[in-house]
Amino acid sequence: ADTPVASKQFFNAEDVSIKWSPAGSAVLVYTHTTVDTTGDSYYGSTGLHMVHADGQFECGVPMQAEGPISAAEWSPNGRQFVVIASRMPATATLYDMKARPEFSFGTGHRSVISWSPHGRFLCLAGFGNLAGDMDFWDVNKRKIMGSNNSHCAVGYGWSPDSRFFMTATLAPRMNVDNGVKLFRYNGSGPILEQGHDQLLDCAWRPAAAGVYPDRPQSPTRRNEGSGASGGGGAAAAP
């Protein structure tokens with residue numbers, strides 16, 4: 001019981017953050033140094049490593065382009081993860097459990113990875129210091145469903161049924177134009193906008209696993225598009 005089942009030494013790392021897979025079978029280790037010895041970045045250097053919990057596999061996650069790592073998030077199914085890396089416009093990549101690239105989502109001004117609870121849909125967004133652009137993907141089909149924008153968004157999250165995506169402008173990060181916007185899973189909308197004088201937080205009411213089924217993208221109605229673009233696209237049925 002006193003012997004670790006897996007171990008890894010990291011060099012050129014001042015601090016790390018750890019993200020376990022949902023099943024606890026593997027861990028992503030994000031490393032950071034305040035000084036980049038190569039001189040490529042004023043903000044230091046970053047790295048990402050994968051370690052399997054049984055000690056049978058470990059490796060550095062290969063980036064598809066040079067530059068800092070902005071985000072890394074496991075899929076709810078625990079078999080894949082997405083990384084946003086490189087200088088802006090950054091590259092978003094889907095990896096398997098051996099840290100092998102499976103699919104590229106292309107480049108864009110994105111810094112946020114948000115999986116739907118069922119792991120079917122994915123929002124790649126540029127919130128915070130970026131302009132608020134959002135891309136909505138069907139990961140199973142490897143197809144983009146739509147794009148939209150939520151300027152000045154700070155808070156965000158998927159509904160428990162994976163059919164809606166919420167963004168929020170919050171204080172104290174933003175002390176003006178506080179409010180909530182609601183989009184469909186394919187990016188169409190906003191279907192709801194609600195302003196507040198001061199909004200400190202916003203979140204969905206949680207639901208137990210299994211309450212809502214994993215539903216695929218709904219067929220589009222006749223004479224309607226397949227998604228949204230800048231808020232002007234046609235809406236698919238929720």
# chains A, B, ... in the order shown; residues from 1 in each chain; ligands from 1

$ select_by_dssp --residues "region 5-235 of chain A" --states "strand (DSSP E)" --output "JSON, numbers by chain"
{"A": [15, 16, 17, 18, 19, 20, 26, 27, 28, 29, 30, 31, 32, 33, 45, 46, 47, 48, 49, 50, 51, 52, 58, 59, 60, 69, 70, 71, 72, 73, 74, 81, 82, 83, 84, 85, 90, 91, 92, 93, 94, 95, 101, 102, 103, 104, 105, 106, 107, 108, 112, 113, 114, 115, 121, 122, 123, 124, 125, 133, 134, 135, 136, 137, 138, 143, 144, 145, 146, 147, 148, 149, 155, 156, 157, 158, 164, 165, 166, 167, 168, 169, 179, 180, 181, 182, 183, 184, 192, 193, 194, 195]}

$ closest_atom_pairs --of "region 53-112 of chain A" --to "region 135-144 of chain A" --cutoff "9 Å" --atoms "only C-alpha atoms" --output "CSV"
residue,atom,partner,partner_atom,distance
A:Phe103,CA,A:Arg142,CA,7.7
A:Phe105,CA,A:Arg142,CA,8.4
A:Arg110,CA,A:Asp135,CA,9.0

$ write_last_selection --atoms "all heavy atoms" --output "PDB file, in the first residue's frame"
ATOM      1  N   PHE A 103      -8.299  14.177 -34.315  1.00  0.00           N
ATOM      2  CA  PHE A 103      -9.037  15.110 -35.164  1.00  0.00           C
ATOM      3  C   PHE A 103      -8.630  16.525 -34.800  1.00  0.00           C
ATOM      4  O   PHE A 103      -8.386  16.844 -33.637  1.00  0.00           O
ATOM      5  CB  PHE A 103     -10.547  14.937 -34.953  1.00  0.00           C
ATOM      6  CG  PHE A 103     -11.402  15.858 -35.772  1.00  0.00           C
ATOM      7  CD1 PHE A 103     -11.586  15.637 -37.132  1.00  0.00           C
ATOM      8  CD2 PHE A 103     -12.022  16.958 -35.194  1.00  0.00           C
ATOM      9  CE1 PHE A 103     -12.371  16.483 -37.888  1.00  0.00           C
ATOM     10  CE2 PHE A 103     -12.814  17.806 -35.941  1.00  0.00           C
ATOM     11  CZ  PHE A 103     -12.988  17.575 -37.306  1.00  0.00           C
ATOM     12  N   PHE A 105      -9.847  20.489 -34.871  1.00  0.00           N
ATOM     13  CA  PHE A 105     -10.976  21.394 -35.004  1.00  0.00           C
ATOM     14  C   PHE A 105     -10.586  22.700 -35.711  1.00  0.00           C
ATOM     15  O   PHE A 105     -11.402  23.613 -35.792  1.00  0.00           O
ATOM     16  CB  PHE A 105     -11.549  21.720 -33.624  1.00  0.00           C
ATOM     17  CG  PHE A 105     -12.065  20.521 -32.875  1.00  0.00           C
ATOM     18  CD1 PHE A 105     -11.268  19.882 -31.942  1.00  0.00           C
ATOM     19  CD2 PHE A 105     -13.332  20.030 -33.118  1.00  0.00           C
ATOM     20  CE1 PHE A 105     -11.731  18.779 -31.242  1.00  0.00           C
ATOM     21  CE2 PHE A 105     -13.806  18.919 -32.428  1.00  0.00           C
ATOM     22  CZ  PHE A 105     -12.994  18.297 -31.486  1.00  0.00           C
ATOM     23  N   ARG A 110      -9.720  30.997 -29.600  1.00  0.00           N
ATOM     24  CA  ARG A 110     -10.452  30.199 -28.625  1.00  0.00           C
ATOM     25  C   ARG A 110      -9.557  29.898 -27.416  1.00  0.00           C
ATOM     26  O   ARG A 110      -8.367  29.646 -27.565  1.00  0.00           O
ATOM     27  CB  ARG A 110     -10.922  28.875 -29.240  1.00  0.00           C
ATOM     28  CG  ARG A 110     -11.631  29.023 -30.581  1.00  0.00           C
ATOM     29  CD  ARG A 110     -13.012  29.636 -30.432  1.00  0.00           C
ATOM     30  NE  ARG A 110     -13.710  29.681 -31.702  1.00  0.00           N
ATOM     31  CZ  ARG A 110     -13.730  30.737 -32.500  1.00  0.00           C
ATOM     32  NH1 ARG A 110     -13.073  31.843 -32.158  1.00  0.00           N
ATOM     33  NH2 ARG A 110     -14.401  30.723 -33.643  1.00  0.00           N
TER      34      ARG A 110
END

$ closest_residue --among "A:Ala131, A:Val180, A:Ala72, A:Val112" --to "Thr93 (chain A)" --atoms "only C-alpha atoms"
A:Ala72
